[in-house]
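Undergrad: This is the structure, below, for whatever I ask next.
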Amino acid sequence: MKKLLSSVVGILIVVALLISAQHYFSAQTGTGDKSGKVLNLYNWGDYIDPTLLKKFTKETGYKVSYETFDSNEAMYMKIKQGGTSYDLAVPSEYMIEKMKADDLLLPLDHSKLTGLKNYDSRFLNQSFDRGNKYSIPYFWGTLGIIYNDKYVKAKDIQHWDDLWSSKFKNQIMLIDSARDVLGITLITQGKSVNNKSVADLAAAQGKLTTLMPNVKAIIADEIKMYMAQDEAAIAVTYSGEAAEAMDKNSHLHYVVPSEGSNLWFDNIVMPKNAKHKAAAYAFLNFMSEPKNAAQNAEYIGYATPNKKALSLLPKSIRKDKQFYPDEKTVRNLQTYDDLGQKWTEKYNDAFLEFKMTQR
């Protein structure tokens with residue numbers, strides 16, 4: 001009886017602690033707020049300056065419940081299932097197109113947006129969201145080549161075709177992404193990154209197979225760590241990942257091939273089941289303010305689409321053509337379209353076959 005009572009008491013103590021922790025978390029994030037003064041934000045991990053969230057709460061009174069995802073697909077499935085209500089989310093361009101087609105987004109009321117005039121027109125009205133009916137830009141960037149000048153001369157690695165040079169045997173790390181790796185191969189053959197030709201995809205896969213002797217590893221987020229630690233001479237990765245690696249290793253440089261590459265966007269959208277629309281518009285306007293956008297860009301390291309914010313950044317950042325490429329290079333960049341399930345599977349299968357040739 002004493003043992004049973006002790007067990008019951010122990011369970012009650014644990015339950016009490018869990019309830020207390022839940023109340024504490026709710027107080028910090030706003031998930032338990034009964035007043036409705038809350039914003040439920042769904043974003044990538046470590047993708048906003050946390051001091052901006054505190055500033056937003058102080059200025060508006062809206063507490064921020066911040067949840068994270070690690071892939072567009074995970075974000076899509078959670079929103080589609082509808083079990084959780086998010087007021088704003090931050091998908092990438094091709095996923096915005098898919099979410100729009102699947103009726104998962106609310107159109108934005110532009111009369112409630114005070115900061116659209118602050119954005120660079122080059123990054124508005126993109127093919128995945130004409131007229132920015134459903135989204136506003138958050139960050140943008142490129143896919144490119146990061147190289148270590150201790151092992152590679154700049155003149156030897158300015159174009160995608162340079163990756164196939166025999167001098168780079170077993171020296172290249174590739175991002176683990178079918179769209180990106182097949183995309184750069186298609187570009188070397190003068191094709192679109194959104195190509196839907198069986199013959200063109202087969203030709204790209206054939207050429208890609210000949211790159212394998214130069215491939216040291218096919219990995220994801222670890223690329224920035226390995227490059228910072230001199231583990232490879234060259235890597236194909238995203239501009240933001242390159243920026244993080246370069247901060248840790250002065251021998252690293254980033255180049256966007258002039259013949260073209262991927263121009264990616266992460267935009268903010270309002271899911272269809274958003275419950276706190278006033279809070280959502282307040283946040284969209286808050287993040288569109290040049291000072292806030294500049295602070296966020298400096299913290300994250302990605303390129304801001306906010307033209308007025310860019311003018312507030314240090315000259316060393318805004319004049320860095322590695323991450324803010326010139327107009328000529330930008331004109332050759334391509335955004336990804338949603339390929340649909342059939343062609344997405346074809347790209348994934350082609351990339352898987354390529355990876356299976358790795359020794």
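Numbering starts fresh at 1 for the residues of each chain in the structure tokens, the chains themselves are lettered A, B, ... in the order given, and ligands are numbered from 1 as they appear.
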Which residues are close to stretch 277-289 of chain A, i.e. within 7 Å by only C-alpha atoms, leaving aside same-chain residues fewer than 3 positions away? Reply as JSON, numbers by chain.

TA: {"A": [38, 39, 62, 87, 88, 112, 113, 114, 115, 274, 292, 293]}

Undergrad: So which residues of stretch 84-264 of chain A fall under strand (DSSP E) by DSSP, listed as a ChimeraX atom specification?

TA: /A:88-89,135-148,172-175,215-219,234-238,252-255,263-264

Undergrad: Selection from above, C-alpha atoms, as a compact mmCIF listing (two decimals), in the first residue's frame, can you write it?

TA:
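File written: again-v3.txt
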# COMPACT_ATOMS: atom_id res chain seq x y z
CA LEU A 88 2.01 32.36 -41.55
CA ALA A 89 4.48 29.91 -43.11
CA SER A 135 3.12 35.62 -50.90
CA ILE A 136 5.71 38.28 -50.21
CA PRO A 137 9.49 37.70 -50.44
CA TYR A 138 11.44 36.78 -47.31
CA PHE A 139 14.91 35.76 -48.52
CA TRP A 140 16.43 34.79 -51.84
CA GLY A 141 19.62 33.16 -52.94
CA THR A 142 21.39 31.06 -55.49
CA LEU A 143 22.89 27.66 -56.10
CA GLY A 144 26.60 27.90 -56.80
CA ILE A 145 30.10 26.57 -56.31
CA ILE A 146 32.14 27.06 -53.16
CA TYR A 147 35.86 26.40 -53.50
CA ASN A 148 38.98 26.50 -51.35
CA ILE A 172 33.88 17.58 -55.02
CA MET A 173 30.98 17.47 -52.58
CA LEU A 174 27.47 17.67 -54.04
CA ILE A 175 24.30 18.80 -52.32
CA VAL A 215 32.60 13.20 -56.40
CA LYS A 216 33.91 12.76 -52.89
CA ALA A 217 30.53 12.80 -51.17
CA ILE A 218 26.85 13.56 -51.70
CA ILE A 219 25.54 15.14 -48.52
CA ILE A 234 34.96 22.15 -54.02
CA ALA A 235 31.27 21.87 -53.22
CA VAL A 236 27.99 22.60 -54.93
CA THR A 237 25.64 24.21 -52.43
CA TYR A 238 23.37 27.15 -51.65
CA LEU A 252 36.66 29.75 -49.17
CA HIS A 253 34.99 31.60 -52.05
CA TYR A 254 31.60 31.33 -53.75
CA VAL A 255 30.81 31.71 -57.43
CA LEU A 263 17.38 31.46 -58.19
CA TRP A 264 15.49 30.33 -55.12

Undergrad: Near A:Ala202, within 12 Å and counting only C-alpha atoms, which residues show up once chain neighbours fewer than 2 positions away are dropped, as a list of chain:residue names?

TA: A:Leu182, A:Thr185, A:Leu186, A:Gln189, A:Asn195, A:Lys196, A:Ser197, A:Val198, A:Ala199, A:Asp200, A:Ala204, A:Gln205, A:Gly206, A:Lys207, A:Leu208, A:Thr209, A:Lys346, A:Tyr347, A:Asp349, A:Ala350, A:Phe351, A:Glu353, A:Phe354

Undergrad: Write out as a list of chain:residue names which residues come within 7 Å of A:Lys272 when counting only C-alpha atoms, dropping same-chain ones fewer than 2 positions away.

TA: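 Surrounding residues, per the criterion: A:Leu104, A:Leu105, A:Leu106, A:Met270, A:Ala274.
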
Undergrad: Selection from above, N, CA and C atoms, as a PDB file, in the first residue's frame, can you write it?

TA:
ATOM      1  N   LEU A 104      -4.442  25.578 -50.545  1.00  0.00           N
ATOM      2  CA  LEU A 104      -4.008  25.607 -49.147  1.00  0.00           C
ATOM      3  C   LEU A 104      -3.646  27.017 -48.669  1.00  0.00           C
ATOM      4  N   LEU A 105      -3.782  28.002 -49.549  1.00  0.00           N
ATOM      5  CA  LEU A 105      -3.364  29.354 -49.201  1.00  0.00           C
ATOM      6  C   LEU A 105      -4.500  30.356 -49.322  1.00  0.00           C
ATOM      7  N   LEU A 106      -4.409  31.400 -48.506  1.00  0.00           N
ATOM      8  CA  LEU A 106      -5.337  32.520 -48.605  1.00  0.00           C
ATOM      9  C   LEU A 106      -4.706  33.615 -49.460  1.00  0.00           C
ATOM     10  N   MET A 270       0.114  32.903 -46.175  1.00  0.00           N
ATOM     11  CA  MET A 270      -0.898  32.738 -45.140  1.00  0.00           C
ATOM     12  C   MET A 270      -1.704  31.473 -45.442  1.00  0.00           C
ATOM     13  N   ALA A 274      -5.574  29.891 -41.329  1.00  0.00           N
ATOM     14  CA  ALA A 274      -5.046  30.906 -40.399  1.00  0.00           C
ATOM     15  C   ALA A 274      -6.183  31.484 -39.561  1.00  0.00           C
TER      16      ALA A 274
END

Undergrad: Using only C-alpha atoms, determine which residues lie at most 9 Å from A:Asp120, disregarding the query and same-chain residues fewer than 5 positions distant; provide the list as a PyMOL selection string.

TA: chain A and resi 305-308

Undergrad: What's the 8 Å shell around A:Glu259, counting only C-alpha atoms, without same-chain residues fewer than 3 positions away, as a PyMOL selection string?

TA: chain A and resi 159+187+329+332

Undergrad: May I have the selected residues written with all heavy atoms, as a PDB file, in the first residue's frame?

TA:
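Ended up saving to out.pdb:
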ATOM      1  N   HIS A 159      32.716  27.883 -64.019  1.00  0.00           N
ATOM      2  CA  HIS A 159      31.541  27.401 -64.756  1.00  0.00           C
ATOM      3  C   HIS A 159      31.184  25.986 -64.321  1.00  0.00           C
ATOM      4  O   HIS A 159      32.018  25.251 -63.792  1.00  0.00           O
ATOM      5  CB  HIS A 159      31.822  27.437 -66.261  1.00  0.00           C
ATOM      6  CG  HIS A 159      32.179  28.807 -66.760  1.00  0.00           C
ATOM      7  ND1 HIS A 159      31.234  29.784 -66.981  1.00  0.00           N
ATOM      8  CD2 HIS A 159      33.389  29.366 -67.038  1.00  0.00           C
ATOM      9  CE1 HIS A 159      31.844  30.893 -67.379  1.00  0.00           C
ATOM     10  NE2 HIS A 159      33.142  30.668 -67.433  1.00  0.00           N
ATOM     11  N   ILE A 187      21.661  22.628 -67.359  1.00  0.00           N
ATOM     12  CA  ILE A 187      22.154  23.950 -67.770  1.00  0.00           C
ATOM     13  C   ILE A 187      23.391  23.804 -68.657  1.00  0.00           C
ATOM     14  O   ILE A 187      23.542  24.514 -69.657  1.00  0.00           O
ATOM     15  CB  ILE A 187      22.458  24.823 -66.538  1.00  0.00           C
ATOM     16  CG1 ILE A 187      21.152  25.259 -65.866  1.00  0.00           C
ATOM     17  CG2 ILE A 187      23.265  26.067 -66.930  1.00  0.00           C
ATOM     18  CD1 ILE A 187      21.343  25.958 -64.535  1.00  0.00           C
ATOM     19  N   THR A 329      24.126  38.397 -64.288  1.00  0.00           N
ATOM     20  CA  THR A 329      24.052  37.042 -63.734  1.00  0.00           C
ATOM     21  C   THR A 329      22.630  36.709 -63.311  1.00  0.00           C
ATOM     22  O   THR A 329      22.129  35.599 -63.584  1.00  0.00           O
ATOM     23  CB  THR A 329      25.002  36.903 -62.530  1.00  0.00           C
ATOM     24  OG1 THR A 329      26.344  37.190 -62.942  1.00  0.00           O
ATOM     25  CG2 THR A 329      24.956  35.495 -61.949  1.00  0.00           C
ATOM     26  N   ASN A 332      20.235  35.408 -65.922  1.00  0.00           N
ATOM     27  CA  ASN A 332      20.406  34.020 -66.366  1.00  0.00           C
ATOM     28  C   ASN A 332      19.952  32.988 -65.338  1.00  0.00           C
ATOM     29  O   ASN A 332      20.037  31.788 -65.591  1.00  0.00           O
ATOM     30  CB  ASN A 332      21.873  33.763 -66.722  1.00  0.00           C
ATOM     31  CG  ASN A 332      22.271  34.424 -68.028  1.00  0.00           C
ATOM     32  OD1 ASN A 332      21.442  34.623 -68.909  1.00  0.00           O
ATOM     33  ND2 ASN A 332      23.534  34.780 -68.152  1.00  0.00           N
TER      34      ASN A 332
END

Undergrad: Just list as a ChimeraX atom specification whatever in stretch 228-355 of chain A DSSP marks as alpha helix (DSSP H).

TA: /A:228,239-248,277-288,290-300,307-310,315-318,327-331,340-355

Undergrad: Set the distance at 10 Å and use only C-alpha atoms: which residues neighbour A:Tyr324 once local chain neighbours fewer than 2 positions away are removed? I'd like the list as a tab-separated table (two decimals) with all heavy atoms, in the first residue's frame.

TA:
chain	number	residue	atom	x	y	z
A	140	TRP	N	16.15	35.41	-50.56
A	140	TRP	CA	16.43	34.79	-51.84
A	140	TRP	C	17.91	34.41	-51.88
A	140	TRP	O	18.70	34.85	-51.06
A	140	TRP	CB	16.09	35.72	-53.01
A	140	TRP	CG	16.97	36.94	-53.15
A	140	TRP	CD1	16.83	38.13	-52.49
A	140	TRP	CD2	18.11	37.09	-54.00
A	140	TRP	NE1	17.80	39.02	-52.88
A	140	TRP	CE2	18.60	38.41	-53.81
A	140	TRP	CE3	18.76	36.25	-54.91
A	140	TRP	CZ2	19.73	38.90	-54.49
A	140	TRP	CZ3	19.87	36.74	-55.58
A	140	TRP	CH2	20.34	38.05	-55.38
A	141	GLY	N	18.22	33.57	-52.83
A	141	GLY	CA	19.62	33.16	-52.94
A	141	GLY	C	19.84	32.36	-54.21
A	141	GLY	O	18.96	32.28	-55.07
A	142	THR	N	20.99	31.77	-54.28
A	142	THR	CA	21.39	31.06	-55.49
A	142	THR	C	21.98	29.70	-55.15
A	142	THR	O	22.32	29.41	-54.00
A	142	THR	CB	22.46	31.86	-56.25
A	142	THR	OG1	23.56	32.14	-55.37
A	142	THR	CG2	21.89	33.18	-56.76
A	239	SER	N	23.80	29.52	-51.53
A	239	SER	CA	24.54	30.72	-51.14
A	239	SER	C	24.58	30.91	-49.62
A	239	SER	O	25.62	31.30	-49.07
A	239	SER	CB	23.92	31.96	-51.80
A	239	SER	OG	22.53	32.02	-51.57
A	302	TYR	N	21.56	35.48	-45.45
A	302	TYR	CA	21.00	35.32	-46.78
A	302	TYR	C	20.69	36.68	-47.39
A	302	TYR	O	20.67	37.70	-46.70
A	302	TYR	CB	19.72	34.47	-46.73
A	302	TYR	CG	19.98	32.99	-46.57
A	302	TYR	CD1	20.22	32.43	-45.33
A	302	TYR	CD2	19.98	32.16	-47.68
A	302	TYR	CE1	20.44	31.07	-45.18
A	302	TYR	CE2	20.20	30.80	-47.55
A	302	TYR	CZ	20.44	30.26	-46.30
A	302	TYR	OH	20.67	28.92	-46.16
A	303	ALA	N	20.43	36.69	-48.68
A	303	ALA	CA	20.20	37.95	-49.39
A	303	ALA	C	18.77	38.45	-49.16
A	303	ALA	O	17.81	37.68	-49.28
A	303	ALA	CB	20.45	37.76	-50.89
A	304	THR	N	18.64	39.73	-48.85
A	304	THR	CA	17.32	40.31	-48.65
A	304	THR	C	16.73	40.81	-49.97
A	304	THR	O	17.45	41.42	-50.78
A	304	THR	CB	17.35	41.47	-47.63
A	304	THR	OG1	16.03	42.03	-47.52
A	304	THR	CG2	18.32	42.57	-48.05
A	310	LEU	N	18.42	46.66	-48.08
A	310	LEU	CA	19.76	46.44	-48.63
A	310	LEU	C	20.62	47.69	-48.49
A	310	LEU	O	21.81	47.61	-48.17
A	310	LEU	CB	19.66	46.04	-50.09
A	310	LEU	CG	20.98	45.77	-50.83
A	310	LEU	CD1	21.75	44.63	-50.19
A	310	LEU	CD2	20.71	45.47	-52.31
A	317	ILE	N	28.70	43.95	-47.29
A	317	ILE	CA	27.66	42.96	-47.58
A	317	ILE	C	26.95	43.29	-48.88
A	317	ILE	O	26.85	42.46	-49.78
A	317	ILE	CB	26.65	42.87	-46.42
A	317	ILE	CG1	27.32	42.34	-45.15
A	317	ILE	CG2	25.46	41.99	-46.82
A	317	ILE	CD1	26.40	42.29	-43.95
A	318	ARG	N	26.46	44.51	-49.00
A	318	ARG	CA	25.62	44.84	-50.17
A	318	ARG	C	26.41	44.89	-51.47
A	318	ARG	O	25.83	44.77	-52.54
A	318	ARG	CB	24.88	46.15	-49.93
A	318	ARG	CG	25.72	47.39	-49.84
A	318	ARG	CD	24.84	48.64	-49.71
A	318	ARG	NE	25.60	49.87	-49.78
A	318	ARG	CZ	26.12	50.49	-48.74
A	318	ARG	NH1	25.93	49.99	-47.51
A	318	ARG	NH2	26.80	51.61	-48.90
A	319	LYS	N	27.74	45.04	-51.40
A	319	LYS	CA	28.56	45.07	-52.61
A	319	LYS	C	29.22	43.73	-52.91
A	319	LYS	O	30.00	43.62	-53.85
A	319	LYS	CB	29.64	46.15	-52.48
A	319	LYS	CG	29.12	47.58	-52.36
A	319	LYS	CD	28.41	48.02	-53.64
A	319	LYS	CE	27.98	49.49	-53.56
A	319	LYS	NZ	27.26	49.92	-54.77
A	320	ASP	N	28.89	42.73	-52.11
A	320	ASP	CA	29.49	41.41	-52.29
A	320	ASP	C	28.77	40.66	-53.40
A	320	ASP	O	27.66	40.16	-53.22
A	320	ASP	CB	29.42	40.61	-50.98
A	320	ASP	CG	30.23	39.34	-51.02
A	320	ASP	OD1	30.59	38.90	-52.13
A	320	ASP	OD2	30.51	38.77	-49.95
A	321	LYS	N	29.39	40.57	-54.57
A	321	LYS	CA	28.76	39.95	-55.74
A	321	LYS	C	28.62	38.44	-55.60
A	321	LYS	O	27.94	37.80	-56.42
A	321	LYS	CB	29.52	40.31	-57.01
A	321	LYS	CG	29.37	41.78	-57.39
A	321	LYS	CD	29.97	42.06	-58.76
A	321	LYS	CE	29.73	43.51	-59.17
A	321	LYS	NZ	30.27	43.80	-60.52
A	322	GLN	N	29.27	37.87	-54.61
A	322	GLN	CA	29.08	36.45	-54.39
A	322	GLN	C	27.65	36.15	-53.95
A	322	GLN	O	27.09	35.11	-54.29
A	322	GLN	CB	30.05	35.94	-53.31
A	322	GLN	CG	31.52	36.04	-53.71
A	322	GLN	CD	32.45	35.66	-52.57
A	322	GLN	OE1	33.02	34.58	-52.56
A	322	GLN	NE2	32.59	36.55	-51.59
A	326	ASP	N	25.52	40.50	-59.94
A	326	ASP	CA	25.13	41.62	-60.81
A	326	ASP	C	23.92	41.26	-61.67
A	326	ASP	O	23.50	40.11	-61.76
A	326	ASP	CB	26.31	42.05	-61.68
A	326	ASP	CG	26.87	40.94	-62.55
A	326	ASP	OD1	26.08	40.06	-62.97
A	326	ASP	OD2	28.08	40.94	-62.82
A	327	GLU	N	23.37	42.28	-62.31
A	327	GLU	CA	22.14	42.13	-63.09
A	327	GLU	C	22.28	41.09	-64.20
A	327	GLU	O	21.37	40.32	-64.47
A	327	GLU	CB	21.74	43.48	-63.68
A	327	GLU	CG	20.44	43.47	-64.46
A	327	GLU	CD	19.24	43.11	-63.61
A	327	GLU	OE1	19.22	43.44	-62.41
A	327	GLU	OE2	18.31	42.47	-64.15
A	329	THR	N	24.13	38.40	-64.29
A	329	THR	CA	24.05	37.04	-63.73
A	329	THR	C	22.63	36.71	-63.31
A	329	THR	O	22.13	35.60	-63.58
A	329	THR	CB	25.00	36.90	-62.53
A	329	THR	OG1	26.34	37.19	-62.94
A	329	THR	CG2	24.96	35.49	-61.95
A	330	VAL	N	21.97	37.67	-62.68
A	330	VAL	CA	20.59	37.43	-62.22
A	330	VAL	C	19.67	37.11	-63.39
A	330	VAL	O	18.77	36.26	-63.28
A	330	VAL	CB	20.07	38.65	-61.42
A	330	VAL	CG1	18.57	38.52	-61.14
A	330	VAL	CG2	20.84	38.81	-60.11

Undergrad: Could you check which of A:Ile268, A:Leu124, A:Leu108, A:Ala243 is closest to A:Ile300, using only C-alpha atoms?

TA: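 Using only C-alpha atoms, the shortest distance to A:Ile300 belongs to A:Ala243.
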
Undergrad: Here is a test: counting only C-alpha atoms, which residue of A:Pro257, A:Asp109, A:Thr188, A:Ser165 is nearest to A:Arg331?

TA: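 Comparing A:Pro257, A:Asp109, A:Thr188, A:Ser165 against A:Arg331, the winner is A:Pro257.
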
Undergrad: From the set A:Leu163, A:Leu352, A:Leu211, A:Ala245, which residue has the shortest atom-to-atom contact distance to A:Tyr226, counting only C-alpha atoms?

TA: A:Ala245

Undergrad: One number please: atom CA of A:Asp337 to atom CA of A:Tyr94, in Å, one decimal.

TA: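 Between atom CA of A:Asp337 and atom CA of A:Tyr94 the gap is 5.1 Å.
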